[in-house]
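Here is the file target-v4.pdb (PDB, C-alpha atoms, pLDDT in the B column).
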```pdb
ATOM      1  CA  MET A   1       0.000   0.000   0.000  1.00 63.00           C
ATOM      2  CA  THR A   2       1.451   3.364  -0.977  1.00 85.00           C
ATOM      3  CA  GLU A   3       1.878   6.073   1.658  1.00 88.00           C
ATOM      4  CA  GLU A   4      -0.823   8.160  -0.040  1.00 91.00           C
ATOM      5  CA  ARG A   5      -3.308   5.278   0.011  1.00 88.00           C
ATOM      6  CA  ALA A   6      -2.426   4.452   3.618  1.00 87.00           C
ATOM      7  CA  ALA A   7      -3.043   8.084   4.653  1.00 91.00           C
ATOM      8  CA  SER A   8      -6.306   8.103   2.711  1.00 93.00           C
ATOM      9  CA  HIS A   9      -7.426   4.929   4.466  1.00 92.00           C
ATOM     10  CA  GLN A  10      -6.558   6.439   7.871  1.00 94.00           C
ATOM     11  CA  ASP A  11      -8.739   9.459   6.978  1.00 96.00           C
ATOM     12  CA  HIS A  12     -11.513   7.064   5.963  1.00 96.00           C
ATOM     13  CA  LEU A  13     -11.322   5.331   9.366  1.00 96.00           C
ATOM     14  CA  ASP A  14     -11.397   8.734  11.118  1.00 96.00           C
ATOM     15  CA  ARG A  15     -14.623   9.606   9.284  1.00 96.00           C
ATOM     16  CA  LEU A  16     -16.172   6.218  10.073  1.00 96.00           C
ATOM     17  CA  GLU A  17     -15.324   6.532  13.767  1.00 95.00           C
ATOM     18  CA  SER A  18     -16.873   9.997  13.882  1.00 95.00           C
ATOM     19  CA  ALA A  19     -20.022   8.933  12.028  1.00 95.00           C
ATOM     20  CA  TYR A  20     -20.549   5.798  14.122  1.00 93.00           C
ATOM     21  CA  GLN A  21     -20.008   7.752  17.340  1.00 93.00           C
ATOM     22  CA  ARG A  22     -22.710  10.239  16.337  1.00 93.00           C
ATOM     23  CA  LEU A  23     -25.128   7.447  15.428  1.00 90.00           C
ATOM     24  CA  ALA A  24     -24.491   5.485  18.621  1.00 89.00           C
ATOM     25  CA  GLU A  25     -25.070   8.596  20.746  1.00 90.00           C
ATOM     26  CA  LYS A  26     -28.179   9.588  18.780  1.00 91.00           C
ATOM     27  CA  HIS A  27     -29.794   6.176  19.271  1.00 89.00           C
ATOM     28  CA  GLY A  28     -28.617   5.553  22.835  1.00 88.00           C
ATOM     29  CA  TYR A  29     -26.109   2.757  22.209  1.00 88.00           C
ATOM     30  CA  ASP A  30     -22.769   2.250  23.936  1.00 87.00           C
ATOM     31  CA  SER A  31     -21.400   0.334  20.971  1.00 88.00           C
ATOM     32  CA  ILE A  32     -22.077  -1.255  17.599  1.00 90.00           C
ATOM     33  CA  LEU A  33     -21.262  -4.860  16.673  1.00 90.00           C
ATOM     34  CA  ILE A  34     -20.800  -5.745  12.998  1.00 92.00           C
ATOM     35  CA  TYR A  35     -20.644  -9.304  11.663  1.00 91.00           C
ATOM     36  CA  SER A  36     -18.616 -10.186   8.559  1.00 92.00           C
ATOM     37  CA  GLY A  37     -21.080 -12.852   7.475  1.00 89.00           C
ATOM     38  CA  ALA A  38     -20.505 -16.490   6.602  1.00 85.00           C
ATOM     39  CA  PRO A  39     -20.648 -18.566   3.434  1.00 83.00           C
ATOM     40  CA  ARG A  40     -23.614 -20.822   2.853  1.00 81.00           C
ATOM     41  CA  VAL A  41     -22.696 -24.470   2.632  1.00 78.00           C
ATOM     42  CA  HIS A  42     -24.200 -26.608  -0.122  1.00 74.00           C
ATOM     43  CA  TYR A  43     -26.503 -29.367   1.128  1.00 79.00           C
ATOM     44  CA  ALA A  44     -24.676 -32.653   1.793  1.00 79.00           C
ATOM     45  CA  ASP A  45     -21.395 -31.185   0.575  1.00 75.00           C
ATOM     46  CA  ASP A  46     -18.291 -29.782   2.184  1.00 73.00           C
ATOM     47  CA  GLN A  47     -18.058 -26.991  -0.392  1.00 73.00           C
ATOM     48  CA  ALA A  48     -19.344 -23.491   0.324  1.00 71.00           C
ATOM     49  CA  ALA A  49     -20.956 -21.095  -2.106  1.00 72.00           C
ATOM     50  CA  THR A  50     -19.079 -18.020  -3.301  1.00 80.00           C
ATOM     51  CA  PHE A  51     -18.782 -15.616  -0.390  1.00 81.00           C
ATOM     52  CA  ARG A  52     -18.244 -11.898   0.092  1.00 84.00           C
ATOM     53  CA  SER A  53     -18.033 -10.258   3.514  1.00 87.00           C
ATOM     54  CA  TYR A  54     -20.878  -8.007   4.669  1.00 89.00           C
ATOM     55  CA  ALA A  55     -20.484  -4.519   3.163  1.00 89.00           C
ATOM     56  CA  HIS A  56     -20.725  -2.654   6.484  1.00 92.00           C
ATOM     57  CA  PHE A  57     -17.926  -4.858   7.824  1.00 93.00           C
ATOM     58  CA  LEU A  58     -15.806  -4.218   4.712  1.00 93.00           C
ATOM     59  CA  HIS A  59     -16.233  -0.483   5.209  1.00 93.00           C
ATOM     60  CA  TRP A  60     -13.947  -0.877   8.224  1.00 95.00           C
ATOM     61  CA  VAL A  61     -11.894  -4.006   7.515  1.00 94.00           C
ATOM     62  CA  PRO A  62     -10.503  -4.348   3.972  1.00 92.00           C
ATOM     63  CA  LEU A  63     -10.431  -8.162   3.938  1.00 90.00           C
ATOM     64  CA  PRO A  64     -13.149  -9.212   1.447  1.00 88.00           C
ATOM     65  CA  GLY A  65     -13.305 -12.972   2.042  1.00 85.00           C
ATOM     66  CA  LEU A  66     -13.213 -12.879   5.828  1.00 89.00           C
ATOM     67  CA  SER A  67     -16.026 -14.898   7.403  1.00 89.00           C
ATOM     68  CA  HIS A  68     -17.255 -15.493  10.980  1.00 90.00           C
ATOM     69  CA  SER A  69     -15.441 -12.373  12.196  1.00 93.00           C
ATOM     70  CA  TRP A  70     -16.810  -9.547  14.341  1.00 93.00           C
ATOM     71  CA  LEU A  71     -16.041  -5.866  14.720  1.00 94.00           C
ATOM     72  CA  TRP A  72     -16.987  -4.073  17.940  1.00 93.00           C
ATOM     73  CA  ILE A  73     -17.077  -0.287  17.714  1.00 93.00           C
ATOM     74  CA  ARG A  74     -17.169   1.721  20.950  1.00 90.00           C
ATOM     75  CA  PRO A  75     -17.033   5.516  20.740  1.00 88.00           C
ATOM     76  CA  GLY A  76     -13.725   6.874  22.016  1.00 90.00           C
ATOM     77  CA  LYS A  77     -12.031   3.451  22.065  1.00 92.00           C
ATOM     78  CA  LYS A  78     -10.035   1.407  19.598  1.00 94.00           C
ATOM     79  CA  PRO A  79     -12.361  -0.917  17.618  1.00 95.00           C
ATOM     80  CA  VAL A  80     -11.995  -4.598  18.525  1.00 95.00           C
ATOM     81  CA  LEU A  81     -11.738  -7.033  15.616  1.00 95.00           C
ATOM     82  CA  TRP A  82     -12.330 -10.699  16.409  1.00 94.00           C
ATOM     83  CA  LEU A  83     -10.596 -12.336  13.457  1.00 93.00           C
ATOM     84  CA  HIS A  84     -11.890 -15.866  12.901  1.00 91.00           C
ATOM     85  CA  ALA A  85      -8.808 -18.048  12.478  1.00 89.00           C
ATOM     86  CA  PRO A  86      -9.819 -21.679  12.994  1.00 86.00           C
ATOM     87  CA  GLU A  87      -7.275 -24.422  13.457  1.00 84.00           C
ATOM     88  CA  ASP A  88      -8.014 -26.321  10.263  1.00 79.00           C
ATOM     89  CA  PHE A  89      -6.046 -29.003   8.465  1.00 77.00           C
ATOM     90  CA  TRP A  90      -7.622 -28.349   5.045  1.00 74.00           C
ATOM     91  CA  HIS A  91      -7.929 -24.571   4.898  1.00 71.00           C
ATOM     92  CA  LEU A  92      -5.447 -21.780   5.431  1.00 75.00           C
ATOM     93  CA  SER A  93      -6.502 -19.645   8.391  1.00 78.00           C
ATOM     94  CA  PRO A  94      -6.409 -15.865   8.013  1.00 81.00           C
ATOM     95  CA  GLU A  95      -3.509 -14.041   9.590  1.00 83.00           C
ATOM     96  CA  VAL A  96      -3.230 -10.472  10.801  1.00 87.00           C
ATOM     97  CA  PRO A  97      -2.111  -8.532   7.714  1.00 87.00           C
ATOM     98  CA  ASP A  98       0.977  -6.344   7.672  1.00 89.00           C
ATOM     99  CA  ALA A  99      -0.829  -3.114   6.770  1.00 90.00           C
ATOM    100  CA  PRO A 100      -1.002   0.391   8.295  1.00 90.00           C
ATOM    101  CA  TRP A 101      -4.733   0.133   9.116  1.00 92.00           C
ATOM    102  CA  VAL A 102      -4.066  -2.764  11.538  1.00 94.00           C
ATOM    103  CA  SER A 103      -2.663  -0.368  14.177  1.00 95.00           C
ATOM    104  CA  ARG A 104      -6.112   1.238  14.477  1.00 96.00           C
ATOM    105  CA  PHE A 105      -7.680  -2.001  15.764  1.00 96.00           C
ATOM    106  CA  ASP A 106      -7.384  -4.282  18.766  1.00 96.00           C
ATOM    107  CA  ILE A 107      -7.177  -7.561  16.842  1.00 95.00           C
ATOM    108  CA  ARG A 108      -7.970 -10.823  18.617  1.00 93.00           C
ATOM    109  CA  LEU A 109      -7.690 -14.182  16.881  1.00 92.00           C
ATOM    110  CA  THR A 110     -10.522 -16.583  17.686  1.00 91.00           C
ATOM    111  CA  THR A 111     -11.756 -20.009  16.675  1.00 90.00           C
ATOM    112  CA  GLU A 112     -15.327 -19.105  17.737  1.00 88.00           C
ATOM    113  CA  THR A 113     -18.034 -18.435  15.142  1.00 83.00           C
ATOM    114  CA  LEU A 114     -20.627 -17.184  17.625  1.00 82.00           C
ATOM    115  CA  PRO A 115     -20.998 -13.502  18.543  1.00 83.00           C
ATOM    116  CA  PRO A 116     -18.655 -12.221  21.253  1.00 84.00           C
ATOM    117  CA  ARG A 117     -20.203 -12.198  24.736  1.00 76.00           C
ATOM    118  CA  LEU A 118     -20.882  -8.484  25.207  1.00 67.00           C
ATOM    119  CA  LEU A 119     -24.008  -8.758  27.360  1.00 54.00           C
ATOM    120  CA  GLU A 120     -21.972  -9.775  30.400  1.00 57.00           C
ATOM    121  CA  GLY A 121     -20.461  -6.285  30.482  1.00 58.00           C
ATOM    122  CA  GLY A 122     -23.870  -4.595  30.488  1.00 58.00           C
ATOM    123  CA  TRP A 123     -23.272  -3.026  27.063  1.00 62.00           C
ATOM    124  CA  ARG A 124     -26.180  -1.534  25.125  1.00 65.00           C
ATOM    125  CA  TYR A 125     -25.289  -2.232  21.524  1.00 68.00           C
ATOM    126  CA  SER A 126     -26.759  -2.471  18.069  1.00 70.00           C
ATOM    127  CA  ALA A 127     -25.798  -5.460  15.915  1.00 71.00           C
ATOM    128  CA  MET A 128     -25.424  -5.075  12.154  1.00 69.00           C
ATOM    129  CA  CYS A 129     -25.514  -8.457  10.446  1.00 65.00           C
ATOM    130  CA  PRO A 130     -26.693 -10.198   7.329  1.00 59.00           C
ATOM    131  CA  PRO A 131     -29.985 -12.052   7.883  1.00 55.00           C
ATOM    132  CA  THR A 132     -28.258 -15.389   8.654  1.00 53.00           C
ATOM    133  CA  LEU A 133     -26.782 -14.542  12.063  1.00 50.00           C
ATOM    134  CA  PRO A 134     -25.459 -17.616  13.887  1.00 50.00           C
ATOM    135  CA  SER A 135     -27.429 -18.473  16.990  1.00 47.00           C
ATOM    136  CA  ALA A 136     -25.774 -18.370  20.401  1.00 46.00           C
TER
END
```

Show how you would write the structure in this file as structure tokens.
Amino acid sequence: MTEERAASHQDHLDRLESAYQRLAEKHGYDSILIYSGAPRVHYADDQAATFRSYAHFLHWVPLPGLSHSWLWIRPGKKPVLWLHAPEDFWHLSPEVPDAPWVSRFDIRLTTETLPPRLLEGGWRYSAMCPPTLPSA
């Protein structure tokens, strides 16, 4: 990534943080949780359909094929990215990229596909997800 593109992406993240903070405050939320989505699996097959991450997730995290990952946005704090990295013999697990935008996130690798447990902290949050949210 060129320095100009990296700076532009940092500006983009600044604008997103500002916009999400305004929306959270306006609607009375402490935070916003965004799901990347997950590929649909073909019936009786181990192959998944073509998959693209949820657009609202991609707005923040430029990793288009990332599935089962979560982004937690809390105004005034570094966004937390739960990066789904299962221990899998057949598939290559995602790794934390070496990119300037990574420093703006608290990145946590996880093997879980379920939503992070935010209710235990008493958080009031809004979840943005595609219609097929995994059940807890």

Open item on the list: For this structure, which residues satisfy the selection - the PyMOL selection byres ((chain A and resi 51-57) around 7) - when it is evaluated on the file as given? I want them as a PyMOL selection string.
Closed with: chain A and resi 34-37+39+49-50+58-61+64-67+130

Task: atom CA of Arg22 of chain A to atom CA of Arg74 of chain A, distance in Å rounded to a single decimal - done: 11.2 Å

- [ ] Could you please determine the separation between atom CA of Ser103 of chain A and atom CA of Lys78 of chain A in Å, to one decimal place?
- [x]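 Interatomic distance, atom CA of Ser103 of chain A to atom CA of Lys78 of chain A: 9.3 Å.
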
Open item on the list: Under the PyMOL selection byres ((chain A and resi 13) around 12), which residues of this model are included? Write them out as a ChimeraX atom specification.
Closed with: /A:6-12,14-20,58-62,73,78-79,100-105

Kindly save the residues from that selection, with C-alpha atoms included, as a PDB file, in the coordinates of the input.
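Okay, this is what ended up in out17.pdb:
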```
ATOM      1  CA  ALA A   6      -2.426   4.452   3.618  1.00 87.00           C
ATOM      2  CA  ALA A   7      -3.043   8.084   4.653  1.00 91.00           C
ATOM      3  CA  SER A   8      -6.306   8.103   2.711  1.00 93.00           C
ATOM      4  CA  HIS A   9      -7.426   4.929   4.466  1.00 92.00           C
ATOM      5  CA  GLN A  10      -6.558   6.439   7.871  1.00 94.00           C
ATOM      6  CA  ASP A  11      -8.739   9.459   6.978  1.00 96.00           C
ATOM      7  CA  HIS A  12     -11.513   7.064   5.963  1.00 96.00           C
ATOM      8  CA  ASP A  14     -11.397   8.734  11.118  1.00 96.00           C
ATOM      9  CA  ARG A  15     -14.623   9.606   9.284  1.00 96.00           C
ATOM     10  CA  LEU A  16     -16.172   6.218  10.073  1.00 96.00           C
ATOM     11  CA  GLU A  17     -15.324   6.532  13.767  1.00 95.00           C
ATOM     12  CA  SER A  18     -16.873   9.997  13.882  1.00 95.00           C
ATOM     13  CA  ALA A  19     -20.022   8.933  12.028  1.00 95.00           C
ATOM     14  CA  TYR A  20     -20.549   5.798  14.122  1.00 93.00           C
ATOM     15  CA  LEU A  58     -15.806  -4.218   4.712  1.00 93.00           C
ATOM     16  CA  HIS A  59     -16.233  -0.483   5.209  1.00 93.00           C
ATOM     17  CA  TRP A  60     -13.947  -0.877   8.224  1.00 95.00           C
ATOM     18  CA  VAL A  61     -11.894  -4.006   7.515  1.00 94.00           C
ATOM     19  CA  PRO A  62     -10.503  -4.348   3.972  1.00 92.00           C
ATOM     20  CA  ILE A  73     -17.077  -0.287  17.714  1.00 93.00           C
ATOM     21  CA  LYS A  78     -10.035   1.407  19.598  1.00 94.00           C
ATOM     22  CA  PRO A  79     -12.361  -0.917  17.618  1.00 95.00           C
ATOM     23  CA  PRO A 100      -1.002   0.391   8.295  1.00 90.00           C
ATOM     24  CA  TRP A 101      -4.733   0.133   9.116  1.00 92.00           C
ATOM     25  CA  VAL A 102      -4.066  -2.764  11.538  1.00 94.00           C
ATOM     26  CA  SER A 103      -2.663  -0.368  14.177  1.00 95.00           C
ATOM     27  CA  ARG A 104      -6.112   1.238  14.477  1.00 96.00           C
ATOM     28  CA  PHE A 105      -7.680  -2.001  15.764  1.00 96.00           C
TER      29      PHE A 105
END
```

Open item on the list: Considering only C-alpha atoms, can you say which of A:Ser93, A:Thr110, A:Ser31, A:Thr2 comes closest to Lys77 of chain A?
Closed with: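 Ranking A:Ser93, A:Thr110, A:Ser31, A:Thr2 by distance to Lys77 of chain A, first place goes to A:Ser31.
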
- [ ] Calculate how many Å separate atom CA of Leu33 of chain A from atom CA of Pro115 of chain A, rounding to one decimal.
- [x]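 Rounded to one decimal, the two atoms are 8.8 Å apart.
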
Task: For His68 of chain A, the nearest of the candidates A:Ala38, A:Leu92, A:Val80, A:Ala24, counting all atoms listed in the file - done: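 Closest to His68 of chain A of all the choices is A:Ala38.
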
Open item on the list: Given only C-alpha atoms as the basis, pick out the residue of A:Asp98, A:Leu109, A:Gly76, A:Trp82 nearest to Glu25 of chain A.
Closed with: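 Of A:Asp98, A:Leu109, A:Gly76, A:Trp82, the one nearest Glu25 of chain A is A:Gly76, counting only C-alpha atoms.
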
TODO: Point out the residue among A:His91, A:Asp30, A:Thr111, A:Ala127 with the least atom-to-atom distance to Asp46 of chain A, counting all atoms listed in the file.
DONE: A:His91

Open item on the list: Between A:Leu23, A:Ile32, A:Ala44, A:Leu114, which residue has the minimum interatomic distance to Leu71 of chain A, considering all atoms listed in the file?
Closed with: A:Ile32

TODO: Tell me which residues the PyMOL selection byres ((chain A and resi 94) around 9) grabs here, as number ranges by chain.
DONE: A: 66, 83-86, 92-93, 95-97

Open item on the list: Under the rule that all atoms listed in the file are counted, which of A:Leu63, A:Trp90, A:Asp45, A:Ala99 is the nearest residue to Arg5 of chain A?
Closed with: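 Checking each of A:Leu63, A:Trp90, A:Asp45, A:Ala99 against Arg5 of chain A, counting all atoms listed in the file, the winner is A:Ala99.
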
As JSON, what would the box around segment 21-33 of chain A look like: edges along x, y and z, 3 Å added on every side, centre and edge lengths in Å to one decimal?
```
{"center_x": -24.9, "center_y": 2.7, "center_z": 19.7, "size_x": 15.8, "size_y": 21.1, "size_z": 14.5}
```
